[in-house]
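For reference, protein_28.cif is printed below; it contains mmCIF, C-alpha atoms.
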data_coords
#
loop_
_atom_site.label_atom_id
_atom_site.label_comp_id
_atom_site.auth_asym_id
_atom_site.auth_seq_id
_atom_site.Cartn_x
_atom_site.Cartn_y
_atom_site.Cartn_z
CA MET A 1 -233.58 66.80 58.23
CA LYS A 2 -232.37 63.26 57.51
CA ALA A 3 -228.70 62.38 57.88
CA LEU A 4 -226.62 59.20 57.88
CA LEU A 5 -224.98 59.37 61.28
CA SER A 6 -221.94 57.94 63.01
CA THR A 7 -223.04 57.47 66.61
CA ALA A 8 -220.28 55.06 67.68
CA THR A 9 -216.75 54.24 66.54
CA GLY A 10 -216.78 51.52 63.92
CA GLY A 11 -217.18 50.54 60.28
CA PRO A 12 -219.94 51.38 57.80
CA GLU A 13 -222.30 48.92 59.48
CA THR A 14 -222.49 51.27 62.50
CA LEU A 15 -224.00 54.14 60.49
CA VAL A 16 -227.67 54.85 61.14
CA LEU A 17 -230.22 57.02 59.35
CA GLY A 18 -231.38 59.66 61.80
CA ASP A 19 -232.66 63.19 62.21
CA LEU A 20 -230.76 66.41 62.90
CA PRO A 21 -232.07 69.96 63.32
CA ASP A 22 -232.16 72.00 60.12
CA PRO A 23 -229.00 74.13 59.97
CA VAL A 24 -229.14 77.94 60.06
CA ALA A 25 -226.69 80.15 58.18
CA GLY A 26 -224.60 82.39 60.43
CA LYS A 27 -222.42 85.31 59.43
CA GLY A 28 -220.42 84.48 56.33
CA GLN A 29 -222.21 81.16 55.87
CA VAL A 30 -224.72 79.55 53.51
CA VAL A 31 -227.13 76.63 53.86
CA VAL A 32 -226.94 74.20 50.94
CA ALA A 33 -229.65 71.69 50.10
CA VAL A 34 -227.44 68.71 49.29
CA LYS A 35 -228.20 66.92 46.03
CA ALA A 36 -225.16 64.64 45.86
CA CYS A 37 -222.28 63.62 48.13
CA SER A 38 -219.34 61.58 46.87
CA ILE A 39 -217.54 58.96 48.94
CA ASN A 40 -213.79 59.23 49.49
CA PHE A 41 -211.18 57.25 51.40
CA PRO A 42 -211.24 59.63 54.42
CA ASP A 43 -214.88 58.62 54.94
CA THR A 44 -213.73 55.08 55.69
CA LEU A 45 -211.28 56.43 58.30
CA ILE A 46 -213.25 59.18 60.00
CA ILE A 47 -216.01 56.87 61.23
CA GLU A 48 -213.34 54.65 62.83
CA ASP A 49 -211.57 57.62 64.47
CA ARG A 50 -208.50 56.97 62.29
CA TYR A 51 -208.54 60.28 60.39
CA GLN A 52 -206.61 63.46 61.20
CA PHE A 53 -209.86 65.15 62.28
CA LYS A 54 -212.24 63.61 64.80
CA PRO A 55 -215.59 65.46 64.86
CA PRO A 56 -217.81 65.03 67.93
CA ARG A 57 -220.60 62.47 67.58
CA PRO A 58 -223.17 62.22 66.27
CA PHE A 59 -221.88 63.38 62.89
CA ALA A 60 -222.48 62.57 59.26
CA PRO A 61 -219.46 61.56 57.17
CA GLY A 62 -219.13 62.86 53.61
CA GLY A 63 -216.44 65.37 52.69
CA GLU A 64 -217.62 66.88 49.40
CA ILE A 65 -221.05 67.80 48.15
CA ALA A 66 -222.98 69.50 45.38
CA GLY A 67 -226.34 71.17 45.77
CA ILE A 68 -228.37 74.38 45.71
CA ILE A 69 -227.99 77.31 48.11
CA GLU A 70 -231.14 77.52 50.20
CA SER A 71 -230.30 80.52 52.40
CA ILE A 72 -227.42 82.88 53.06
CA GLY A 73 -226.13 84.56 56.18
CA GLU A 74 -225.00 88.09 56.89
CA GLY A 75 -222.07 89.32 54.86
CA VAL A 76 -222.28 86.78 52.02
CA THR A 77 -222.06 88.70 48.75
CA ASP A 78 -220.49 86.30 46.23
CA PHE A 79 -223.30 83.75 46.36
CA ALA A 80 -227.09 83.92 46.18
CA VAL A 81 -230.07 81.72 46.97
CA GLY A 82 -230.60 79.31 44.07
CA ASP A 83 -226.93 79.08 43.05
CA ARG A 84 -225.79 75.59 42.02
CA VAL A 85 -222.63 74.97 44.03
CA LEU A 86 -220.08 72.36 44.99
CA ALA A 87 -218.05 72.41 48.18
CA GLY A 88 -215.52 70.63 50.32
CA CYS A 89 -216.88 70.17 53.82
CA GLY A 90 -214.67 67.64 55.61
CA ASN A 91 -217.69 65.87 57.03
CA GLY A 92 -221.46 66.39 57.23
CA GLY A 93 -222.13 65.78 53.55
CA LEU A 94 -224.33 62.72 54.03
CA SER A 95 -227.28 64.84 55.09
CA GLU A 96 -230.13 66.62 53.37
CA LYS A 97 -228.77 70.08 54.25
CA ILE A 98 -225.45 71.50 55.40
CA VAL A 99 -224.21 74.88 56.60
CA LEU A 100 -220.90 76.00 55.11
CA GLY A 101 -218.51 78.90 55.00
CA THR A 102 -217.66 80.22 51.57
CA HIS A 103 -213.87 79.61 51.57
CA ASN A 104 -214.20 76.23 49.80
CA LEU A 105 -217.50 76.85 48.01
CA TYR A 106 -217.68 77.18 44.22
CA LYS A 107 -220.36 77.87 41.63
CA MET A 108 -220.73 74.88 39.34
CA PRO A 109 -220.48 75.14 35.56
CA ASP A 110 -223.99 75.00 34.09
CA GLU A 111 -223.20 71.83 32.14
CA MET A 112 -221.95 69.92 35.20
CA SER A 113 -224.32 67.50 36.94
CA PHE A 114 -224.64 67.38 40.71
CA GLU A 115 -223.09 63.89 40.71
CA GLU A 116 -220.07 65.18 38.77
CA GLY A 117 -219.86 68.30 40.91
CA ALA A 118 -219.72 66.23 44.09
CA SER A 119 -216.89 64.19 42.53
CA LEU A 120 -214.55 67.00 41.49
CA LEU A 121 -212.98 68.78 44.46
CA MET A 122 -211.26 66.15 46.54
CA THR A 123 -209.93 63.99 43.71
CA TYR A 124 -209.09 66.56 41.03
CA GLY A 125 -208.21 69.22 43.61
CA THR A 126 -205.75 66.83 45.23
CA SER A 127 -204.27 65.77 41.89
CA ALA A 128 -203.89 69.34 40.63
CA HIS A 129 -202.12 70.34 43.86
CA ALA A 130 -200.00 67.19 43.81
CA LEU A 131 -198.84 67.38 40.20
CA LYS A 132 -198.46 71.15 39.90
CA ASP A 133 -197.47 72.38 43.35
CA ARG A 134 -195.72 69.38 44.90
CA GLY A 135 -194.58 67.50 41.80
CA ARG A 136 -193.60 70.59 39.77
CA MET A 137 -194.71 68.70 36.67
CA LYS A 138 -193.51 69.88 33.27
CA PRO A 139 -194.77 68.92 29.79
CA GLY A 140 -193.05 65.82 28.45
CA GLU A 141 -192.46 64.20 31.84
CA SER A 142 -193.46 60.61 32.63
CA VAL A 143 -195.83 59.81 35.48
CA LEU A 144 -196.64 56.51 37.21
CA VAL A 145 -200.07 56.51 38.87
CA LEU A 146 -200.66 53.74 41.42
CA GLY A 147 -204.33 52.91 41.93
CA GLY A 148 -205.12 54.19 38.47
CA ALA A 149 -208.77 53.06 38.33
CA GLY A 150 -210.02 54.76 41.50
CA GLY A 151 -211.53 58.21 41.53
CA ILE A 152 -208.29 59.92 42.52
CA GLY A 153 -206.21 57.76 40.20
CA ILE A 154 -208.41 58.64 37.23
CA SER A 155 -208.13 62.32 38.10
CA ALA A 156 -204.33 62.02 38.18
CA ILE A 157 -204.25 60.29 34.80
CA GLU A 158 -206.49 62.89 33.17
CA LEU A 159 -204.64 65.85 34.64
CA ALA A 160 -201.19 64.47 33.91
CA LYS A 161 -202.27 64.05 30.28
CA ALA A 162 -203.78 67.55 30.25
CA TYR A 163 -200.45 68.89 31.55
CA GLY A 164 -198.60 67.22 28.67
CA GLY A 165 -197.23 64.10 30.33
CA ARG A 166 -196.85 60.43 29.45
CA VAL A 167 -198.80 58.33 31.95
CA VAL A 168 -198.52 54.72 33.09
CA ALA A 169 -201.26 53.41 35.40
CA GLY A 170 -200.74 50.69 37.99
CA VAL A 171 -203.87 48.62 38.68
CA SER A 172 -204.81 45.21 40.08
CA SER A 173 -207.00 43.73 37.31
CA GLU A 174 -207.64 43.82 33.57
CA ALA A 175 -211.07 45.41 34.19
CA LYS A 176 -209.38 48.25 36.07
CA ALA A 177 -206.72 48.47 33.36
CA GLN A 178 -209.43 49.17 30.81
CA VAL A 179 -210.80 51.98 32.98
CA ALA A 180 -207.31 53.50 33.20
CA ARG A 181 -206.87 53.26 29.43
CA GLU A 182 -210.21 54.98 28.90
CA ALA A 183 -209.03 57.77 31.20
CA GLY A 184 -206.04 58.31 28.92
CA ALA A 185 -203.23 56.14 30.31
CA ASP A 186 -200.55 55.47 27.69
CA ASP A 187 -199.61 52.15 29.25
CA VAL A 188 -200.78 49.96 32.13
CA VAL A 189 -199.10 47.67 34.66
CA ILE A 190 -201.32 45.01 36.25
CA TYR A 191 -199.67 44.17 39.55
CA PRO A 192 -200.49 41.24 41.88
CA TYR A 193 -202.09 41.63 45.28
CA GLN A 194 -199.81 42.16 48.27
CA PRO A 195 -198.15 41.02 50.49
CA PHE A 196 -194.91 40.74 48.54
CA ASP A 197 -191.80 38.87 49.54
CA LYS A 198 -188.42 40.21 48.41
CA ASP A 199 -188.52 38.45 45.04
CA GLN A 200 -192.10 39.52 44.33
CA SER A 201 -191.28 43.12 45.22
CA LYS A 202 -188.33 43.01 42.82
CA ALA A 203 -190.55 41.56 40.08
CA VAL A 204 -193.09 44.35 40.47
CA ALA A 205 -190.29 46.91 40.34
CA GLU A 206 -189.11 45.38 37.06
CA MET A 207 -192.66 45.65 35.69
CA PHE A 208 -192.69 49.35 36.47
CA LYS A 209 -189.19 49.89 35.06
CA ALA A 210 -190.13 48.15 31.81
CA THR A 211 -192.88 50.71 31.15
CA ALA A 212 -190.94 53.72 32.44
CA GLY A 213 -188.34 53.82 29.72
CA PRO A 214 -184.56 54.07 30.22
CA ASN A 215 -184.64 57.08 32.53
CA GLY A 216 -187.42 56.06 34.95
CA PHE A 217 -190.51 57.98 35.99
CA ASP A 218 -190.17 61.68 36.66
CA ILE A 219 -193.17 61.49 39.03
CA VAL A 220 -194.64 58.61 41.01
CA TYR A 221 -198.18 59.38 42.16
CA ASP A 222 -198.82 56.93 45.01
CA THR A 223 -202.44 56.62 46.10
CA VAL A 224 -202.02 53.05 47.37
CA GLY A 225 -199.04 52.64 49.72
CA GLY A 226 -198.37 49.27 51.33
CA ASP A 227 -196.01 46.91 49.50
CA TYR A 228 -196.50 48.78 46.21
CA SER A 229 -194.58 51.91 47.19
CA GLU A 230 -191.05 50.51 47.32
CA PRO A 231 -191.18 48.90 43.83
CA ALA A 232 -192.53 52.17 42.47
CA LEU A 233 -189.74 54.15 44.13
CA ARG A 234 -187.20 51.82 42.50
CA SER A 235 -188.54 52.88 39.09
CA ILE A 236 -188.18 56.62 39.70
CA ALA A 237 -185.90 58.84 37.62
CA TRP A 238 -182.88 60.83 38.79
CA GLU A 239 -184.26 63.83 40.71
CA GLY A 240 -187.76 62.39 40.41
CA ARG A 241 -190.62 63.29 42.74
CA PHE A 242 -192.43 60.59 44.74
CA LEU A 243 -195.84 61.94 45.78
CA VAL A 244 -197.38 60.40 48.90
CA VAL A 245 -201.14 60.80 48.39
CA GLY A 246 -202.81 57.94 50.27
CA PHE A 247 -202.30 54.46 51.69
CA PRO A 248 -205.41 52.23 51.61
CA ALA A 249 -203.01 49.26 51.31
CA GLY A 250 -201.15 50.38 54.43
CA ILE A 251 -198.48 52.92 55.37
CA ALA A 252 -195.35 52.11 53.39
CA LYS A 253 -191.83 51.78 54.76
CA LEU A 254 -189.41 53.18 52.19
CA PRO A 255 -185.67 52.35 52.23
CA LEU A 256 -184.21 55.85 52.33
CA ASN A 257 -180.98 54.77 50.67
CA LEU A 258 -183.00 54.71 47.43
CA THR A 259 -183.79 58.41 47.77
CA LEU A 260 -180.05 59.09 48.01
CA LEU A 261 -179.18 56.89 45.03
CA LYS A 262 -181.86 58.52 42.88
CA SER A 263 -181.40 62.02 44.37
CA CYS A 264 -185.19 62.11 44.45
CA ASP A 265 -187.77 63.90 46.56
CA VAL A 266 -190.46 62.22 48.69
CA CYS A 267 -193.29 64.75 48.93
CA GLY A 268 -196.35 64.56 51.15
CA VAL A 269 -199.61 65.75 49.59
CA PHE A 270 -202.18 66.99 52.12
CA TRP A 271 -204.70 68.85 50.02
CA GLY A 272 -207.10 69.49 52.90
CA ALA A 273 -204.51 71.46 54.86
CA TYR A 274 -203.39 73.23 51.66
CA THR A 275 -206.91 74.58 51.07
CA ALA A 276 -206.83 76.22 54.50
CA ARG A 277 -203.25 77.51 54.30
CA GLU A 278 -203.30 78.67 50.66
CA PRO A 279 -206.95 79.43 49.84
CA GLU A 280 -206.27 81.74 46.90
CA LYS A 281 -203.82 79.35 45.24
CA ASN A 282 -206.27 76.52 45.74
CA ARG A 283 -209.13 78.57 44.27
CA ALA A 284 -206.99 79.27 41.21
CA ASN A 285 -206.38 75.53 40.81
CA ILE A 286 -210.12 74.78 41.06
CA ASN A 287 -211.02 77.48 38.57
CA GLU A 288 -208.50 75.94 36.17
CA LEU A 289 -210.23 72.58 36.70
CA PHE A 290 -213.53 74.13 35.64
CA GLU A 291 -211.91 75.31 32.41
CA LEU A 292 -210.43 71.87 31.76
CA TYR A 293 -213.87 70.33 32.37
CA LYS A 294 -215.50 72.71 29.90
CA ALA A 295 -212.78 71.87 27.37
CA GLY A 296 -213.53 68.15 27.75
CA LYS A 297 -210.08 67.30 29.12
CA ILE A 298 -211.34 66.04 32.48
CA LYS A 299 -214.62 64.42 33.47
CA PRO A 300 -215.39 62.80 36.84
CA ARG A 301 -216.42 59.19 36.27
CA VAL A 302 -219.38 58.31 38.48
CA SER A 303 -219.64 54.53 38.42
CA GLU A 304 -222.50 54.01 40.89
CA THR A 305 -225.03 56.00 42.90
CA PHE A 306 -226.73 55.13 46.20
CA PRO A 307 -229.67 56.62 48.12
CA LEU A 308 -228.89 58.20 51.49
CA GLU A 309 -230.07 55.21 53.52
CA ARG A 310 -227.56 53.00 51.65
CA GLY A 311 -224.61 55.35 52.04
CA GLY A 312 -222.90 52.85 54.32
CA GLU A 313 -222.77 50.37 51.44
CA ALA A 314 -220.89 52.92 49.34
CA ILE A 315 -218.35 53.50 52.13
CA ALA A 316 -217.91 49.74 52.58
CA LYS A 317 -217.38 49.21 48.85
CA LEU A 318 -214.71 51.90 48.74
CA GLY A 319 -213.03 50.59 51.89
CA ASN A 320 -212.84 47.09 50.39
CA ARG A 321 -211.13 48.57 47.30
CA GLU A 322 -213.99 47.39 45.08
CA ALA A 323 -214.77 50.81 43.63
CA VAL A 324 -213.96 51.84 40.09
CA GLY A 325 -214.35 55.57 39.53
CA LYS A 326 -216.47 57.54 41.98
CA LEU A 327 -219.29 56.33 44.24
CA VAL A 328 -221.92 59.00 44.92
CA VAL A 329 -224.82 59.21 47.37
CA THR A 330 -227.79 61.17 46.05
CA MET A 331 -230.52 62.86 48.09
#
Could you show the structure in this file as structure tokens?
Amino acid sequence: MKALLSTATGGPETLVLGDLPDPVAGKGQVVVAVKACSINFPDTLIIEDRYQFKPPRPFAPGGEIAGIIESIGEGVTDFAVGDRVLAGCGNGGLSEKIVLGTHNLYKMPDEMSFEEGASLLMTYGTSAHALKDRGRMKPGESVLVLGGAGGIGISAIELAKAYGGRVVAGVSSEAKAQVAREAGADDVVIYPYQPFDKDQSKAVAEMFKATAGPNGFDIVYDTVGGDYSEPALRSIAWEGRFLVVGFPAGIAKLPLNLTLLKSCDVCGVFWGAYTAREPEKNRANINELFELYKAGKIKPRVSETFPLERGGEAIAKLGNREAVGKLVVTM
């Protein structure tokens, strides 16, 4: 089978289209013929050996897929050959076939396309876990979403609205602001590009505060990091929750005196580990996402598709923060 392979540490330009043996389903496993694989920020890290997990080379990046079950192994009873499924796989998705266990495998709603299915788990799964489990979100609360035009930012906007919140999106351009508005954001802050000096950081904080209202944001959903995190923290409400989701702009350094002054929580959100530690709770979250999709309250926004041999271009585009919505590689 064909696969886009990382054979050496480096950026997207090091990926090569190659051949791997067809996988065989073992006990408790299925083989899925991959139809679509979305690109996520971990894909930019894993090929450079900067992610939490470092698979042995050669390997294909690609952490979430959608496709059709081609064969099943011994002991698999909940799935059958021909089922349309989506799955989180960590890596290996940029290949024509993949062997998977069933712990993070789900049957797709009939009305969901493969491109949408491949774009649901990591973004919406992360946001559901972040807002519900880590952020303890309640109806009527206000939420600031940094990086509001990316795939995960859009998922956070849609879910926060579905959960009854008021949402402000932070983005870096008017074009991205329009995407955030279309996703349901009640207001938008267009912030400048980092780096910020002290005065610039204060100015960005004032921009956030102006849209937060007198009490500040109950939840800050930070998918960006870098120089944007501190201004966002300064706009948080008393006993607010600051959710650390990602840091494509760099790992932030937060002044901890602010957490004391606001009596707020700083909460890490590691959805991948959560799926392994709390599989039943995670499955309940995903099943709820399917219901929200059917009700029209969430919809993955696929902005561009690429063939397998151009998968490196998709990873590069995401790594350069040029992506709006989700980038998907199709087989």
Test item: the PyMOL selection byres ((chain A and resi 97) around 9) resolved as a VMD selection string: chain A and resid 1 to 3 22 to 23 31 to 35 67 70 92 to 96 98 to 99
Evaluate the PyMOL selection byres ((chain A and resi 219-226) around 9) and report residues as a ChimeraX atom specification: /A:127,130-131,135,137,141-148,152-153,156,194-195,216-218,227-230,232-233,235-237,240-253
Long-range neighbours of Arg283 in chain A as a list in words, 12 Å cut-off, all atoms listed in the file, 4 positions minimum in chain: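 The filter keeps Ala87, Gly88, Thr102, His103, Asn104, Leu105, Tyr106, Lys107, Leu121, Gly125, Ala128, His129, Tyr274, Thr275, Ala276, Arg277, Glu278, Pro279, Asn287, Glu288, Leu289 and Phe290 of chain A.
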Selected residue, from A:Gly165, A:Pro214, A:Gly18, A:Pro231, that lies nearest to Tyr191 in chain A when counting all atoms listed in the file: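 Using all atoms listed in the file, the shortest distance to Tyr191 in chain A belongs to A:Pro231.
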From A:Thr44, A:Thr7, A:Cys264, A:Lys27, residue lying nearest Gly62 in chain A [only C-alpha atoms]: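 Among the listed residues, the smallest separation from Gly62 in chain A belongs to A:Thr44.
Comparing A:Pro109, A:Ser6, A:Trp271, A:Gly164 by their smallest distance to Thr126 in chain A, the closest is A:Trp271 (using only C-alpha atoms).
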Separation of CA of Gln52 in chain A from CA of Gly73 in chain A, in Å and rounded to one decimal: 29.2 Å
Using the incomplete input, complete range 62-73 of chain A to the level of all heavy atoms; output as a PDB file, in the coordinates of the input.
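File produced: part-v7.pdb:
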ATOM      1  N   GLY A  62    -218.880  62.250  54.927  1.00  0.00           N
ATOM      2  CA  GLY A  62    -219.130  62.860  53.610  1.00  0.00           C
ATOM      3  C   GLY A  62    -218.409  64.181  53.493  1.00  0.00           C
ATOM      4  O   GLY A  62    -218.838  65.171  54.091  1.00  0.00           O
ATOM      5  N   GLY A  63    -217.307  64.206  52.713  1.00  0.00           N
ATOM      6  CA  GLY A  63    -216.440  65.370  52.690  1.00  0.00           C
ATOM      7  C   GLY A  63    -216.607  66.298  51.516  1.00  0.00           C
ATOM      8  O   GLY A  63    -215.974  67.362  51.488  1.00  0.00           O
ATOM      9  N   GLU A  64    -217.402  65.942  50.514  1.00  0.00           N
ATOM     10  CA  GLU A  64    -217.620  66.880  49.400  1.00  0.00           C
ATOM     11  C   GLU A  64    -219.018  66.689  48.840  1.00  0.00           C
ATOM     12  O   GLU A  64    -219.505  65.581  48.686  1.00  0.00           O
ATOM     13  CB  GLU A  64    -216.565  66.730  48.310  1.00  0.00           C
ATOM     14  CG  GLU A  64    -216.440  65.374  47.685  1.00  0.00           C
ATOM     15  CD  GLU A  64    -215.396  65.338  46.569  1.00  0.00           C
ATOM     16  OE1 GLU A  64    -215.094  66.391  45.992  1.00  0.00           O
ATOM     17  OE2 GLU A  64    -214.903  64.235  46.276  1.00  0.00           O
ATOM     18  N   ILE A  65    -219.636  67.817  48.536  1.00  0.00           N
ATOM     19  CA  ILE A  65    -221.050  67.800  48.150  1.00  0.00           C
ATOM     20  C   ILE A  65    -221.298  68.728  46.966  1.00  0.00           C
ATOM     21  O   ILE A  65    -220.474  69.582  46.629  1.00  0.00           O
ATOM     22  CB  ILE A  65    -221.962  68.223  49.323  1.00  0.00           C
ATOM     23  CG1 ILE A  65    -221.633  69.665  49.803  1.00  0.00           C
ATOM     24  CG2 ILE A  65    -221.842  67.241  50.481  1.00  0.00           C
ATOM     25  CD1 ILE A  65    -222.511  70.734  49.250  1.00  0.00           C
ATOM     26  N   ALA A  66    -222.456  68.542  46.361  1.00  0.00           N
ATOM     27  CA  ALA A  66    -222.980  69.500  45.380  1.00  0.00           C
ATOM     28  C   ALA A  66    -224.462  69.688  45.684  1.00  0.00           C
ATOM     29  O   ALA A  66    -225.149  68.757  46.119  1.00  0.00           O
ATOM     30  CB  ALA A  66    -222.777  69.004  43.960  1.00  0.00           C
ATOM     31  N   GLY A  67    -224.944  70.900  45.481  1.00  0.00           N
ATOM     32  CA  GLY A  67    -226.340  71.170  45.770  1.00  0.00           C
ATOM     33  C   GLY A  67    -226.731  72.586  45.390  1.00  0.00           C
ATOM     34  O   GLY A  67    -226.077  73.233  44.568  1.00  0.00           O
ATOM     35  N   ILE A  68    -227.800  73.065  46.017  1.00  0.00           N
ATOM     36  CA  ILE A  68    -228.370  74.380  45.710  1.00  0.00           C
ATOM     37  C   ILE A  68    -228.422  75.203  46.994  1.00  0.00           C
ATOM     38  O   ILE A  68    -228.884  74.715  48.034  1.00  0.00           O
ATOM     39  CB  ILE A  68    -229.774  74.244  45.114  1.00  0.00           C
ATOM     40  CG1 ILE A  68    -229.719  73.436  43.807  1.00  0.00           C
ATOM     41  CG2 ILE A  68    -230.385  75.617  44.852  1.00  0.00           C
ATOM     42  CD1 ILE A  68    -231.089  73.117  43.238  1.00  0.00           C
ATOM     43  N   ILE A  69    -227.954  76.439  46.931  1.00  0.00           N
ATOM     44  CA  ILE A  69    -227.990  77.310  48.110  1.00  0.00           C
ATOM     45  C   ILE A  69    -229.444  77.619  48.459  1.00  0.00           C
ATOM     46  O   ILE A  69    -230.215  78.098  47.634  1.00  0.00           O
ATOM     47  CB  ILE A  69    -227.200  78.602  47.866  1.00  0.00           C
ATOM     48  CG1 ILE A  69    -225.708  78.290  47.756  1.00  0.00           C
ATOM     49  CG2 ILE A  69    -227.443  79.596  49.004  1.00  0.00           C
ATOM     50  CD1 ILE A  69    -224.840  79.519  47.533  1.00  0.00           C
ATOM     51  N   GLU A  70    -229.781  77.337  49.716  1.00  0.00           N
ATOM     52  CA  GLU A  70    -231.140  77.520  50.200  1.00  0.00           C
ATOM     53  C   GLU A  70    -231.297  78.831  50.955  1.00  0.00           C
ATOM     54  O   GLU A  70    -232.359  79.474  50.911  1.00  0.00           O
ATOM     55  CB  GLU A  70    -231.517  76.336  51.100  1.00  0.00           C
ATOM     56  CG  GLU A  70    -232.958  76.280  51.530  1.00  0.00           C
ATOM     57  CD  GLU A  70    -233.257  75.010  52.300  1.00  0.00           C
ATOM     58  OE1 GLU A  70    -233.038  74.995  53.530  1.00  0.00           O
ATOM     59  OE2 GLU A  70    -233.687  74.021  51.673  1.00  0.00           O
ATOM     60  N   SER A  71    -230.258  79.246  51.672  1.00  0.00           N
ATOM     61  CA  SER A  71    -230.300  80.520  52.400  1.00  0.00           C
ATOM     62  C   SER A  71    -228.880  81.004  52.609  1.00  0.00           C
ATOM     63  O   SER A  71    -227.930  80.221  52.558  1.00  0.00           O
ATOM     64  CB  SER A  71    -231.022  80.363  53.744  1.00  0.00           C
ATOM     65  OG  SER A  71    -230.343  79.441  54.587  1.00  0.00           O
ATOM     66  N   ILE A  72    -228.738  82.306  52.842  1.00  0.00           N
ATOM     67  CA  ILE A  72    -227.420  82.880  53.060  1.00  0.00           C
ATOM     68  C   ILE A  72    -227.430  83.721  54.332  1.00  0.00           C
ATOM     69  O   ILE A  72    -228.461  84.279  54.723  1.00  0.00           O
ATOM     70  CB  ILE A  72    -226.956  83.743  51.864  1.00  0.00           C
ATOM     71  CG1 ILE A  72    -227.899  84.924  51.635  1.00  0.00           C
ATOM     72  CG2 ILE A  72    -226.844  82.891  50.607  1.00  0.00           C
ATOM     73  CD1 ILE A  72    -227.424  85.875  50.547  1.00  0.00           C
ATOM     74  N   GLY A  73    -226.259  83.785  54.958  1.00  0.00           N
ATOM     75  CA  GLY A  73    -226.130  84.560  56.180  1.00  0.00           C
ATOM     76  C   GLY A  73    -225.601  85.960  55.917  1.00  0.00           C
ATOM     77  O   GLY A  73    -225.260  86.333  54.780  1.00  0.00           O
TER      78      GLY A  73
END
